[in-house]
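File shown here: run09.cif, holding mmCIF, C-alpha atoms.
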```
data_my_file
loop_
_atom_site.group_PDB
_atom_site.id
_atom_site.type_symbol
_atom_site.label_atom_id
_atom_site.label_comp_id
_atom_site.auth_asym_id
_atom_site.auth_seq_id
_atom_site.Cartn_x
_atom_site.Cartn_y
_atom_site.Cartn_z
ATOM 1 C CA MET A 1460 -22.185 92.909 3.099
ATOM 2 C CA ALA A 1461 -19.638 90.105 2.795
ATOM 3 C CA VAL A 1462 -16.710 92.462 3.420
ATOM 4 C CA LYS A 1463 -17.029 95.395 5.772
ATOM 5 C CA PRO A 1464 -16.590 98.699 3.897
ATOM 6 C CA ASN A 1465 -13.933 101.089 5.154
ATOM 7 C CA ILE A 1466 -15.431 104.269 6.598
ATOM 8 C CA LEU A 1467 -13.882 107.588 7.666
ATOM 9 C CA VAL A 1468 -15.745 109.745 10.209
ATOM 10 C CA THR A 1469 -14.308 113.241 9.814
ATOM 11 C CA ARG A 1470 -15.226 114.587 13.294
ATOM 12 C CA ARG A 1471 -16.050 113.004 16.643
ATOM 13 C CA TRP A 1472 -19.685 111.884 16.929
ATOM 14 C CA PRO A 1473 -21.727 110.800 19.963
ATOM 15 C CA ALA A 1474 -20.127 107.680 21.411
ATOM 16 C CA VAL A 1475 -23.246 105.534 21.004
ATOM 17 C CA VAL A 1476 -23.285 106.275 17.268
ATOM 18 C CA GLU A 1477 -19.570 105.631 16.802
ATOM 19 C CA GLN A 1478 -20.037 102.293 18.561
ATOM 20 C CA LYS A 1479 -22.954 101.332 16.324
ATOM 21 C CA LEU A 1480 -21.007 102.262 13.181
ATOM 22 C CA ALA A 1481 -18.110 100.060 14.314
ATOM 23 C CA GLU A 1482 -20.411 97.050 14.579
ATOM 24 C CA THR A 1483 -21.093 97.124 10.829
ATOM 25 C CA TYR A 1484 -18.110 98.878 9.248
ATOM 26 C CA ASN A 1485 -14.353 99.217 9.510
ATOM 27 C CA VAL A 1486 -14.362 102.695 11.000
ATOM 28 C CA GLU A 1487 -11.511 105.189 11.305
ATOM 29 C CA LEU A 1488 -12.230 108.123 13.616
ATOM 30 C CA ASN A 1489 -10.678 111.563 13.545
ATOM 31 C CA ARG A 1490 -9.693 111.422 17.195
ATOM 32 C CA SER A 1491 -8.055 114.863 17.099
ATOM 33 C CA ASP A 1492 -11.464 116.304 16.091
ATOM 34 C CA ARG A 1493 -9.835 118.966 13.929
ATOM 35 C CA PRO A 1494 -11.188 119.990 10.505
ATOM 36 C CA LEU A 1495 -9.568 118.089 7.648
ATOM 37 C CA SER A 1496 -7.621 119.880 4.923
ATOM 38 C CA PRO A 1497 -8.192 119.414 1.167
ATOM 39 C CA SER A 1498 -5.139 117.145 1.042
ATOM 40 C CA ASP A 1499 -6.586 115.077 3.899
ATOM 41 C CA PHE A 1500 -9.763 114.638 1.883
ATOM 42 C CA ARG A 1501 -7.926 113.676 -1.282
ATOM 43 C CA GLU A 1502 -6.095 110.969 0.640
ATOM 44 C CA ALA A 1503 -9.331 109.790 2.267
ATOM 45 C CA ILE A 1504 -11.363 109.726 -0.953
ATOM 46 C CA GLY A 1505 -8.661 107.629 -2.561
ATOM 47 C CA ARG A 1506 -8.672 105.122 0.301
ATOM 48 C CA PHE A 1507 -12.088 104.826 1.996
ATOM 49 C CA ASP A 1508 -15.319 103.397 0.624
ATOM 50 C CA ALA A 1509 -17.331 106.098 2.391
ATOM 51 C CA VAL A 1510 -16.519 109.421 4.017
ATOM 52 C CA LEU A 1511 -18.846 110.878 6.641
ATOM 53 C CA PRO A 1512 -18.376 114.683 6.672
ATOM 54 C CA THR A 1513 -20.034 117.509 8.589
ATOM 55 C CA VAL A 1514 -20.773 121.182 7.922
ATOM 56 C CA THR A 1515 -17.255 122.112 9.066
ATOM 57 C CA ASP A 1516 -15.724 120.146 6.174
ATOM 58 C CA LYS A 1517 -15.159 122.253 3.061
ATOM 59 C CA ILE A 1518 -15.208 119.677 0.266
ATOM 60 C CA GLY A 1519 -14.595 121.719 -2.855
ATOM 61 C CA PRO A 1520 -12.953 120.878 -6.198
ATOM 62 C CA GLU A 1521 -9.485 120.775 -4.617
ATOM 63 C CA ALA A 1522 -10.584 118.235 -1.999
ATOM 64 C CA LEU A 1523 -12.274 116.124 -4.696
ATOM 65 C CA ASP A 1524 -9.351 116.182 -7.131
ATOM 66 C CA VAL A 1525 -8.938 112.401 -7.069
ATOM 67 C CA PRO A 1526 -9.017 110.815 -10.547
ATOM 68 C CA ARG A 1527 -9.752 107.342 -9.167
ATOM 69 C CA ALA A 1528 -11.964 107.794 -6.147
ATOM 70 C CA GLN A 1529 -12.427 104.813 -3.858
ATOM 71 C CA THR A 1530 -15.169 106.700 -2.016
ATOM 72 C CA LYS A 1531 -18.636 106.037 -3.437
ATOM 73 C CA ILE A 1532 -20.696 107.999 -0.926
ATOM 74 C CA LEU A 1533 -20.353 111.158 1.183
ATOM 75 C CA ALA A 1534 -22.887 110.499 3.938
ATOM 76 C CA ASN A 1535 -23.226 113.961 5.407
ATOM 77 C CA TYR A 1536 -23.921 114.486 9.111
ATOM 78 C CA GLY A 1537 -26.360 117.400 8.868
ATOM 79 C CA VAL A 1538 -29.138 118.773 6.693
ATOM 80 C CA GLY A 1539 -27.204 121.366 4.708
ATOM 81 C CA PHE A 1540 -24.748 120.146 2.084
ATOM 82 C CA ASN A 1541 -23.648 123.404 0.421
ATOM 83 C CA HIS A 1542 -20.155 122.804 1.853
ATOM 84 C CA ILE A 1543 -19.801 119.986 -0.689
ATOM 85 C CA ASP A 1544 -19.151 120.610 -4.401
ATOM 86 C CA VAL A 1545 -22.054 118.511 -5.621
ATOM 87 C CA ASP A 1546 -21.207 118.764 -9.335
ATOM 88 C CA THR A 1547 -17.606 117.619 -8.890
ATOM 89 C CA ALA A 1548 -18.696 114.791 -6.594
ATOM 90 C CA ALA A 1549 -21.192 113.650 -9.231
ATOM 91 C CA ARG A 1550 -18.457 113.586 -11.897
ATOM 92 C CA ARG A 1551 -16.414 111.396 -9.568
ATOM 93 C CA GLY A 1552 -19.388 109.040 -9.193
ATOM 94 C CA ILE A 1553 -19.868 109.900 -5.514
ATOM 95 C CA ALA A 1554 -23.370 109.929 -4.002
ATOM 96 C CA ILE A 1555 -24.323 112.450 -1.311
ATOM 97 C CA THR A 1556 -26.853 112.013 1.493
ATOM 98 C CA ASN A 1557 -27.942 114.234 4.380
ATOM 99 C CA THR A 1558 -29.948 113.954 7.619
ATOM 100 C CA PRO A 1559 -33.293 115.788 7.374
ATOM 101 C CA ASP A 1560 -36.196 115.666 9.869
ATOM 102 C CA VAL A 1561 -34.276 114.621 12.968
ATOM 103 C CA LEU A 1562 -32.954 118.067 13.948
ATOM 104 C CA SER A 1563 -35.918 120.261 12.992
ATOM 105 C CA GLU A 1564 -37.438 120.525 16.455
ATOM 106 C CA CYS A 1565 -34.178 121.234 18.253
ATOM 107 C CA THR A 1566 -33.111 123.860 15.728
ATOM 108 C CA ALA A 1567 -36.488 125.577 16.071
ATOM 109 C CA ASP A 1568 -36.082 125.454 19.855
ATOM 110 C CA LEU A 1569 -32.743 127.225 19.486
ATOM 111 C CA ALA A 1570 -34.217 129.851 17.164
ATOM 112 C CA MET A 1571 -36.887 130.565 19.777
ATOM 113 C CA THR A 1572 -34.155 130.775 22.425
ATOM 114 C CA LEU A 1573 -32.291 133.363 20.367
ATOM 115 C CA MET A 1574 -35.442 135.366 19.715
ATOM 116 C CA LEU A 1575 -36.284 135.514 23.411
ATOM 117 C CA MET A 1576 -32.707 136.295 24.393
ATOM 118 C CA VAL A 1577 -32.339 139.265 22.079
ATOM 119 C CA ALA A 1578 -35.825 140.609 22.759
ATOM 120 C CA ARG A 1579 -35.450 140.431 26.548
ATOM 121 C CA ARG A 1580 -31.751 141.443 26.606
ATOM 122 C CA ALA A 1581 -30.744 138.212 28.304
ATOM 123 C CA GLY A 1582 -27.172 138.476 27.043
ATOM 124 C CA ASP A 1583 -26.809 141.945 28.528
ATOM 125 C CA GLY A 1584 -28.123 140.726 31.856
ATOM 126 C CA GLU A 1585 -25.847 137.696 31.907
ATOM 127 C CA ARG A 1586 -22.771 139.811 31.226
ATOM 128 C CA GLU A 1587 -23.746 142.366 33.863
ATOM 129 C CA LEU A 1588 -24.207 139.739 36.556
ATOM 130 C CA ARG A 1589 -20.959 137.944 35.806
ATOM 131 C CA ALA A 1590 -19.053 141.233 35.865
ATOM 132 C CA GLY A 1591 -20.489 142.011 39.295
ATOM 133 C CA ASN A 1592 -22.113 145.210 38.048
ATOM 134 C CA TRP A 1593 -25.753 144.596 38.976
ATOM 135 C CA THR A 1594 -26.960 147.209 41.468
ATOM 136 C CA GLY A 1595 -30.475 145.813 41.926
ATOM 137 C CA TRP A 1596 -33.960 146.046 40.391
ATOM 138 C CA ARG A 1597 -35.098 149.361 38.994
ATOM 139 C CA PRO A 1598 -37.938 150.304 36.617
ATOM 140 C CA THR A 1599 -35.735 151.348 33.697
ATOM 141 C CA HIS A 1600 -33.116 148.602 33.928
ATOM 142 C CA LEU A 1601 -32.499 146.482 30.788
ATOM 143 C CA VAL A 1602 -35.963 147.102 29.382
ATOM 144 C CA GLY A 1603 -36.553 144.798 26.425
ATOM 145 C CA THR A 1604 -39.325 143.998 23.964
ATOM 146 C CA LYS A 1605 -42.436 141.866 24.407
ATOM 147 C CA VAL A 1606 -42.547 138.794 22.165
ATOM 148 C CA SER A 1607 -46.088 137.496 22.710
ATOM 149 C CA GLY A 1608 -48.622 138.732 20.182
ATOM 150 C CA LYS A 1609 -46.040 140.236 17.831
ATOM 151 C CA THR A 1610 -45.581 139.460 14.118
ATOM 152 C CA LEU A 1611 -42.951 136.924 13.100
ATOM 153 C CA GLY A 1612 -41.680 136.704 9.546
ATOM 154 C CA ILE A 1613 -40.237 133.336 8.534
ATOM 155 C CA ILE A 1614 -38.023 133.160 5.454
ATOM 156 C CA GLY A 1615 -37.886 129.540 4.328
ATOM 157 C CA PHE A 1616 -40.897 127.459 5.314
ATOM 158 C CA GLY A 1617 -39.544 123.921 5.256
ATOM 159 C CA ARG A 1618 -39.444 121.554 8.188
ATOM 160 C CA ILE A 1619 -37.557 123.875 10.552
ATOM 161 C CA GLY A 1620 -39.488 126.971 9.508
ATOM 162 C CA GLN A 1621 -42.766 125.177 10.194
ATOM 163 C CA GLN A 1622 -41.552 124.036 13.605
ATOM 164 C CA MET A 1623 -40.631 127.653 14.357
ATOM 165 C CA ALA A 1624 -44.133 128.749 13.329
ATOM 166 C CA ARG A 1625 -45.681 126.120 15.598
ATOM 167 C CA ARG A 1626 -43.759 127.372 18.633
ATOM 168 C CA ALA A 1627 -44.300 131.038 17.890
ATOM 169 C CA HIS A 1628 -48.011 130.820 17.051
ATOM 170 C CA PHE A 1629 -49.234 128.332 19.629
ATOM 171 C CA GLY A 1630 -46.727 129.204 22.351
ATOM 172 C CA PHE A 1631 -46.618 132.990 22.026
ATOM 173 C CA GLY A 1632 -49.708 133.908 20.029
ATOM 174 C CA MET A 1633 -47.602 135.418 17.256
ATOM 175 C CA ASP A 1634 -48.938 136.294 13.818
ATOM 176 C CA ILE A 1635 -46.964 134.426 11.155
ATOM 177 C CA VAL A 1636 -45.950 135.831 7.763
ATOM 178 C CA VAL A 1637 -44.071 133.499 5.420
ATOM 179 C CA TYR A 1638 -41.797 133.879 2.420
ATOM 180 C CA ASN A 1639 -40.884 130.672 0.589
ATOM 181 C CA ARG A 1640 -39.450 130.096 -2.885
ATOM 182 C CA SER A 1641 -42.386 127.880 -3.815
ATOM 183 C CA ALA A 1642 -46.043 128.054 -2.914
ATOM 184 C CA VAL A 1643 -46.851 126.534 0.476
ATOM 185 C CA ASP A 1644 -49.860 124.235 0.713
ATOM 186 C CA PRO A 1645 -52.737 126.350 2.056
ATOM 187 C CA ALA A 1646 -53.559 123.555 4.487
ATOM 188 C CA VAL A 1647 -50.054 123.861 5.964
ATOM 189 C CA LEU A 1648 -50.367 127.638 6.285
ATOM 190 C CA ALA A 1649 -53.747 127.227 7.925
ATOM 191 C CA GLN A 1650 -52.231 125.119 10.705
ATOM 192 C CA TYR A 1651 -50.467 128.245 11.997
ATOM 193 C CA ASN A 1652 -52.948 130.837 10.698
ATOM 194 C CA ALA A 1653 -50.021 131.972 8.536
ATOM 195 C CA ARG A 1654 -50.083 133.936 5.313
ATOM 196 C CA GLN A 1655 -47.554 133.723 2.507
ATOM 197 C CA VAL A 1656 -46.189 136.767 0.669
ATOM 198 C CA ASP A 1657 -44.538 136.841 -2.731
ATOM 199 C CA THR A 1658 -41.294 138.664 -1.885
ATOM 200 C CA ILE A 1659 -38.919 139.249 0.996
ATOM 201 C CA GLU A 1660 -39.402 142.968 0.402
ATOM 202 C CA THR A 1661 -43.102 142.553 1.187
ATOM 203 C CA LEU A 1662 -42.417 140.545 4.336
ATOM 204 C CA LEU A 1663 -39.771 142.646 6.065
ATOM 205 C CA PRO A 1664 -41.679 145.889 6.800
ATOM 206 C CA GLN A 1665 -44.550 143.950 8.368
ATOM 207 C CA CYS A 1666 -42.566 142.043 10.968
ATOM 208 C CA ASP A 1667 -41.382 142.645 14.520
ATOM 209 C CA PHE A 1668 -39.110 139.597 14.268
ATOM 210 C CA VAL A 1669 -37.632 137.901 11.179
ATOM 211 C CA SER A 1670 -36.282 134.353 11.443
ATOM 212 C CA LEU A 1671 -34.196 132.793 8.664
ATOM 213 C CA HIS A 1672 -34.679 129.109 7.839
ATOM 214 C CA CYS A 1673 -33.634 129.057 4.180
ATOM 215 C CA PRO A 1674 -30.878 126.997 2.514
ATOM 216 C CA GLY A 1675 -27.374 128.366 2.113
ATOM 217 C CA GLY A 1676 -25.331 128.311 -1.059
ATOM 218 C CA ALA A 1677 -24.635 130.762 -3.861
ATOM 219 C CA GLU A 1678 -28.306 131.425 -4.623
ATOM 220 C CA ASN A 1679 -28.980 132.795 -1.143
ATOM 221 C CA ARG A 1680 -25.607 134.383 -0.382
ATOM 222 C CA ASN A 1681 -26.098 137.865 1.120
ATOM 223 C CA MET A 1682 -29.875 137.460 0.869
ATOM 224 C CA ILE A 1683 -30.136 139.825 3.828
ATOM 225 C CA ASN A 1684 -28.174 142.861 2.670
ATOM 226 C CA SER A 1685 -28.182 146.569 3.456
ATOM 227 C CA ALA A 1686 -31.145 147.298 1.174
ATOM 228 C CA ARG A 1687 -33.287 144.653 2.843
ATOM 229 C CA LEU A 1688 -32.166 145.578 6.352
ATOM 230 C CA ASP A 1689 -33.350 149.116 5.560
ATOM 231 C CA LEU A 1690 -36.842 147.691 5.003
ATOM 232 C CA MET A 1691 -37.069 146.312 8.531
ATOM 233 C CA LYS A 1692 -38.761 148.250 11.318
ATOM 234 C CA GLU A 1693 -36.397 150.279 13.484
ATOM 235 C CA ASP A 1694 -37.302 148.118 16.492
ATOM 236 C CA ALA A 1695 -37.388 144.768 14.651
ATOM 237 C CA PHE A 1696 -35.043 141.834 15.297
ATOM 238 C CA LEU A 1697 -33.292 139.427 12.912
ATOM 239 C CA ILE A 1698 -32.641 135.793 13.922
ATOM 240 C CA ASN A 1699 -30.427 133.481 11.859
ATOM 241 C CA THR A 1700 -30.105 129.754 12.511
ATOM 242 C CA ALA A 1701 -29.875 128.880 8.793
ATOM 243 C CA ARG A 1702 -26.440 129.488 7.247
ATOM 244 C CA GLY A 1703 -24.013 132.324 7.872
ATOM 245 C CA GLU A 1704 -23.645 133.301 4.234
ATOM 246 C CA VAL A 1705 -27.295 134.305 3.846
ATOM 247 C CA VAL A 1706 -26.590 137.483 5.867
ATOM 248 C CA ASN A 1707 -24.158 140.183 4.789
ATOM 249 C CA GLU A 1708 -22.422 140.510 8.143
ATOM 250 C CA SER A 1709 -20.871 143.914 7.470
ATOM 251 C CA ALA A 1710 -24.261 145.339 6.511
ATOM 252 C CA LEU A 1711 -25.819 143.795 9.617
ATOM 253 C CA ALA A 1712 -23.106 145.259 11.848
ATOM 254 C CA GLN A 1713 -23.751 148.695 10.365
ATOM 255 C CA ALA A 1714 -27.491 148.353 10.988
ATOM 256 C CA LEU A 1715 -26.852 147.314 14.587
ATOM 257 C CA MET A 1716 -24.285 150.031 15.287
ATOM 258 C CA PHE A 1717 -26.527 152.787 13.933
ATOM 259 C CA ASP A 1718 -29.677 151.318 15.526
ATOM 260 C CA THR A 1719 -31.568 151.080 12.257
ATOM 261 C CA ILE A 1720 -32.936 147.761 13.542
ATOM 262 C CA GLY A 1721 -33.628 146.739 17.125
ATOM 263 C CA GLY A 1722 -31.148 143.875 17.308
ATOM 264 C CA ALA A 1723 -30.121 140.490 15.972
ATOM 265 C CA ALA A 1724 -29.330 136.984 17.157
ATOM 266 C CA LEU A 1725 -27.010 134.646 15.251
ATOM 267 C CA ASP A 1726 -26.150 130.980 15.630
ATOM 268 C CA VAL A 1727 -24.271 130.749 12.317
ATOM 269 C CA PHE A 1728 -21.538 132.835 10.707
ATOM 270 C CA GLU A 1729 -20.064 133.292 7.273
ATOM 271 C CA ALA A 1730 -16.480 132.304 8.120
ATOM 272 C CA GLU A 1731 -16.995 129.931 11.041
ATOM 273 C CA PRO A 1732 -15.299 129.642 13.460
ATOM 274 C CA ARG A 1733 -13.943 133.129 12.761
ATOM 275 C CA ILE A 1734 -16.289 135.935 13.768
ATOM 276 C CA ASN A 1735 -16.446 139.229 11.909
ATOM 277 C CA PRO A 1736 -14.824 141.681 14.355
ATOM 278 C CA MET A 1737 -17.500 144.264 13.556
ATOM 279 C CA LEU A 1738 -20.136 141.927 14.977
ATOM 280 C CA ALA A 1739 -18.239 141.543 18.237
ATOM 281 C CA GLN A 1740 -18.606 145.292 18.807
ATOM 282 C CA CYS A 1741 -22.429 145.199 18.708
ATOM 283 C CA ASP A 1742 -24.085 145.085 22.124
ATOM 284 C CA ASN A 1743 -27.547 144.581 20.595
ATOM 285 C CA LEU A 1744 -26.454 141.248 19.138
ATOM 286 C CA VAL A 1745 -26.696 137.771 20.675
ATOM 287 C CA MET A 1746 -24.243 135.184 19.323
ATOM 288 C CA LEU A 1747 -24.088 131.425 19.904
ATOM 289 C CA PRO A 1748 -21.511 128.979 18.477
ATOM 290 C CA HIS A 1749 -23.665 126.995 15.989
ATOM 291 C CA LEU A 1750 -25.745 125.168 18.591
ATOM 292 C CA GLY A 1751 -28.903 124.618 16.511
ATOM 293 C CA SER A 1752 -28.833 120.819 16.659
ATOM 294 C CA ALA A 1753 -26.721 120.588 19.816
ATOM 295 C CA THR A 1754 -28.877 118.312 21.923
ATOM 296 C CA ARG A 1755 -27.988 114.742 22.765
ATOM 297 C CA GLU A 1756 -31.204 113.544 21.164
ATOM 298 C CA ALA A 1757 -30.692 115.401 17.891
ATOM 299 C CA ARG A 1758 -26.990 114.648 17.487
ATOM 300 C CA GLU A 1759 -27.543 110.927 18.127
ATOM 301 C CA ALA A 1760 -30.514 110.858 15.747
ATOM 302 C CA MET A 1761 -28.408 112.559 13.066
ATOM 303 C CA GLY A 1762 -25.746 109.887 13.425
ATOM 304 C CA PHE A 1763 -28.240 107.042 13.224
ATOM 305 C CA ARG A 1764 -29.769 108.661 10.127
ATOM 306 C CA VAL A 1765 -26.323 108.608 8.500
ATOM 307 C CA LEU A 1766 -26.057 104.944 9.441
ATOM 308 C CA ASP A 1767 -29.433 104.247 7.803
ATOM 309 C CA ASN A 1768 -28.225 105.894 4.600
ATOM 310 C CA LEU A 1769 -24.980 103.910 4.641
ATOM 311 C CA ASN A 1770 -26.829 100.646 5.197
ATOM 312 C CA ASP A 1771 -29.168 101.391 2.291
ATOM 313 C CA PHE A 1772 -26.261 102.260 0.015
ATOM 314 C CA PHE A 1773 -24.049 99.277 0.772
ATOM 315 C CA GLU A 1774 -27.000 96.892 0.604
ATOM 316 C CA GLY A 1775 -27.653 98.075 -2.951
ATOM 317 C CA ALA A 1776 -30.747 100.164 -2.224
ATOM 318 C CA ALA A 1777 -31.293 103.851 -2.884
ATOM 319 C CA PRO A 1778 -30.426 105.761 0.293
ATOM 320 C CA ARG A 1779 -33.524 107.322 1.846
ATOM 321 C CA ASP A 1780 -31.906 110.773 2.014
ATOM 322 C CA LEU A 1781 -30.107 110.880 -1.329
ATOM 323 C CA VAL A 1782 -29.606 114.516 -2.394
ATOM 324 C CA ALA A 1783 -27.181 114.018 -5.304
#
```
Final structure tokens representation of the file:
Amino acid sequence: MAVKPNILVTRRWPAVVEQKLAETYNVELNRSDRPLSPSDFREAIGRFDAVLPTVTDKIGPEALDVPRAQTKILANYGVGFNHIDVDTAARRGIAITNTPDVLSECTADLAMTLMLMVARRAGDGERELRAGNWTGWRPTHLVGTKVSGKTLGIIGFGRIGQQMARRAHFGFGMDIVVYNRSAVDPAVLAQYNARQVDTIETLLPQCDFVSLHCPGGAENRNMINSARLDLMKEDAFLINTARGEVVNESALAQALMFDTIGGAALDVFEAEPRINPMLAQCDNLVMLPHLGSATREAREAMGFRVLDNLNDFFEGAAPRDLVA
């Protein structure tokens, strides 16, 4: 690259990644670390050669309404890219990349954390201790649910779903039932002694825990609705580390309030960072603020994966993680 391309990083990234980016590119950082508005994006797309967004950046038609875009690539920091209007970006001649692989293990770790927390009522115990209300051990205090040996349903059996199966099967002896849009290689299923079913409706009644690892977007919006929640066992638990929009939050709150399921644990929400007030009223719900990839190792690896895609693109090669 004879001339360094001009790059905008829309949120603060790990310092080691920002430093590495600055060695190769003319980088402008969003030092306020606030989400950019559509007008901010229009200005950026008209001025920068590349924009590096994250899941918090809503890049819809309004944000992409730039007749002469200077930006040639949106190198997304994250796996999911349903926050970007792919069709409009394509019409503007803008490529899109993401960062698969590097966060699968950490996101699966977090899903296991949520499953254990909600099953063993860890959130309840934490709140009780901090409020100074613990009166000591007693046989009926905060009795939860055993995880080992139970049946786990996994909806979406890509990289993260398979890492979840590995932890659940080998770590906790869980039976694994899988729903995936396409057929999973039998050899892959055999690794976890898993079986695939044809519909979500078939999966739900069989499972003590259901963990979501499917893509977001319009196709999967409200995938988990009141009708499907009614198919779950009364003592079953729902875990979502995928995307907030795949769960109808009002229907989930109703199921939790009326104890038609055992509980739920969420790391993602439909209107992040706003939380549905109905959810906040549910004691049998564990909530975390989108921490799936929030380890130093994963967040740095995500940044370096973006850098790899940028280097490919500006050196004239096809980026390794081109999605559109």
Review point. What gap, in Å, lies between atom CA of Ile1683 of chain A and atom CA of Asp1568 of chain A?
Key: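 So the two atoms, atom CA of Ile1683 of chain A and atom CA of Asp1568 of chain A, lie 22.3 Å apart.
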Exercise for review: Evaluate the PyMOL selection byres ((chain A and resi 1584) around 12) here and jot the selected residues down as a PyMOL selection string.
Suggested key: chain A and resi 1576-1583+1585-1596+1600-1603+1742-1743+1745
Point to revise | Residues near segment 1469-1471 of chain A, cut-off 6 Å, all atoms listed in the file, skip fewer than 3 positions along chain, as an MDAnalysis selection string | key: chainID A and resid 1489 1492 1512
Review point. Quick one: distance from atom CA of Gly1632 of chain A to atom CA of Met1682 of chain A in Å, one decimal?
Key: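 Between these atoms lies a distance of 27.8 Å.
Separating atom CA of Thr1530 of chain A from atom CA of Ile1555 of chain A is a distance of 10.8 Å.
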Exercise for review: Write out as a VMD selection string the residues lying within 12 Å of Ser1498 of chain A, counting all atoms listed in the file and excluding same-chain residues fewer than 6 positions away.
Suggested key: chain A and resid 1504 to 1505 1517 to 1525
Please produce a file of those selected residues containing C-alpha atoms, as a CSV table (one decimal), in the frame of the given file.
```csv
chain,number,residue,atom,x,y,z
A,1504,ILE,CA,-11.4,109.7,-1.0
A,1505,GLY,CA,-8.7,107.6,-2.6
A,1517,LYS,CA,-15.2,122.3,3.1
A,1518,ILE,CA,-15.2,119.7,0.3
A,1519,GLY,CA,-14.6,121.7,-2.9
A,1520,PRO,CA,-13.0,120.9,-6.2
A,1521,GLU,CA,-9.5,120.8,-4.6
A,1522,ALA,CA,-10.6,118.2,-2.0
A,1523,LEU,CA,-12.3,116.1,-4.7
A,1524,ASP,CA,-9.4,116.2,-7.1
A,1525,VAL,CA,-8.9,112.4,-7.1
```
Review point. Using only C-alpha atoms, which residue out of A:Ala1783, A:Asp1726, A:Ser1491, A:Glu1708 lies closest to Thr1572 of chain A?
Key: A:Asp1726
Review point. Written as a ChimeraX atom specification, which residues does the PyMOL selection byres ((chain A and resi 1610-1623) around 8) give for the file shown?
Key: /A:1560,1563-1564,1566-1568,1570-1571,1608-1609,1624-1627,1633-1640,1643,1659,1662-1663,1665-1674
Exercise for review: Using all atoms listed in the file, find the one residue out of A:Ala1503, A:Leu1781, A:Val1706, A:Ala1642 that sits nearest to Arg1687 of chain A.
Suggested key: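 Ranking A:Ala1503, A:Leu1781, A:Val1706, A:Ala1642 by distance to Arg1687 of chain A, first place goes to A:Val1706.
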Review point. On this structure, which residues satisfy the PyMOL selection byres ((chain A and resi 1773) around 12), written as an NGL selection string?
Key: :A and (1460-1466 or 1483-1484 or 1508-1509 or 1530-1532 or 1534 or 1554 or 1766-1772 or 1774-1778)
Review point. Which of these residues is nearest to Arg1758 of chain A, using all atoms listed in the file: A:Cys1565, A:Asn1485, A:Asn1681, A:Arg1490?
Key: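 Checking each candidate against Arg1758 of chain A, we get A:Cys1565 as the closest.
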For segment 1694-1705 of chain A, supply N, CA and C atoms and format the output as a short mmCIF file (atom, residue, chain, number, x, y, z; two decimals), in the coordinates of the input.
```cif
data_model
loop_
_atom_site.label_atom_id
_atom_site.label_comp_id
_atom_site.auth_asym_id
_atom_site.auth_seq_id
_atom_site.Cartn_x
_atom_site.Cartn_y
_atom_site.Cartn_z
N ASP A 1694 -37.36 148.90 15.25
CA ASP A 1694 -37.30 148.12 16.49
C ASP A 1694 -37.47 146.63 16.24
N ALA A 1695 -37.25 146.18 14.99
CA ALA A 1695 -37.39 144.77 14.65
C ALA A 1695 -36.08 144.02 14.89
N PHE A 1696 -36.19 142.69 14.98
CA PHE A 1696 -35.04 141.83 15.30
C PHE A 1696 -34.88 140.76 14.22
N LEU A 1697 -33.63 140.46 13.89
CA LEU A 1697 -33.29 139.43 12.91
C LEU A 1697 -32.69 138.23 13.63
N ILE A 1698 -33.17 137.02 13.32
CA ILE A 1698 -32.64 135.79 13.92
C ILE A 1698 -32.18 134.88 12.79
N ASN A 1699 -30.96 134.37 12.90
CA ASN A 1699 -30.43 133.48 11.86
C ASN A 1699 -29.90 132.19 12.46
N THR A 1700 -30.60 131.09 12.17
CA THR A 1700 -30.10 129.75 12.51
C THR A 1700 -29.94 128.92 11.24
N ALA A 1701 -29.93 129.58 10.07
CA ALA A 1701 -29.88 128.88 8.79
C ALA A 1701 -28.42 128.62 8.39
N ARG A 1702 -27.84 129.55 7.64
CA ARG A 1702 -26.44 129.49 7.25
C ARG A 1702 -25.88 130.90 7.31
N GLY A 1703 -24.61 131.01 7.69
CA GLY A 1703 -24.01 132.32 7.87
C GLY A 1703 -24.01 133.16 6.62
N GLU A 1704 -23.82 132.53 5.45
CA GLU A 1704 -23.64 133.30 4.23
C GLU A 1704 -24.92 133.98 3.76
N VAL A 1705 -26.07 133.66 4.32
CA VAL A 1705 -27.30 134.30 3.85
C VAL A 1705 -27.41 135.74 4.36
#
```
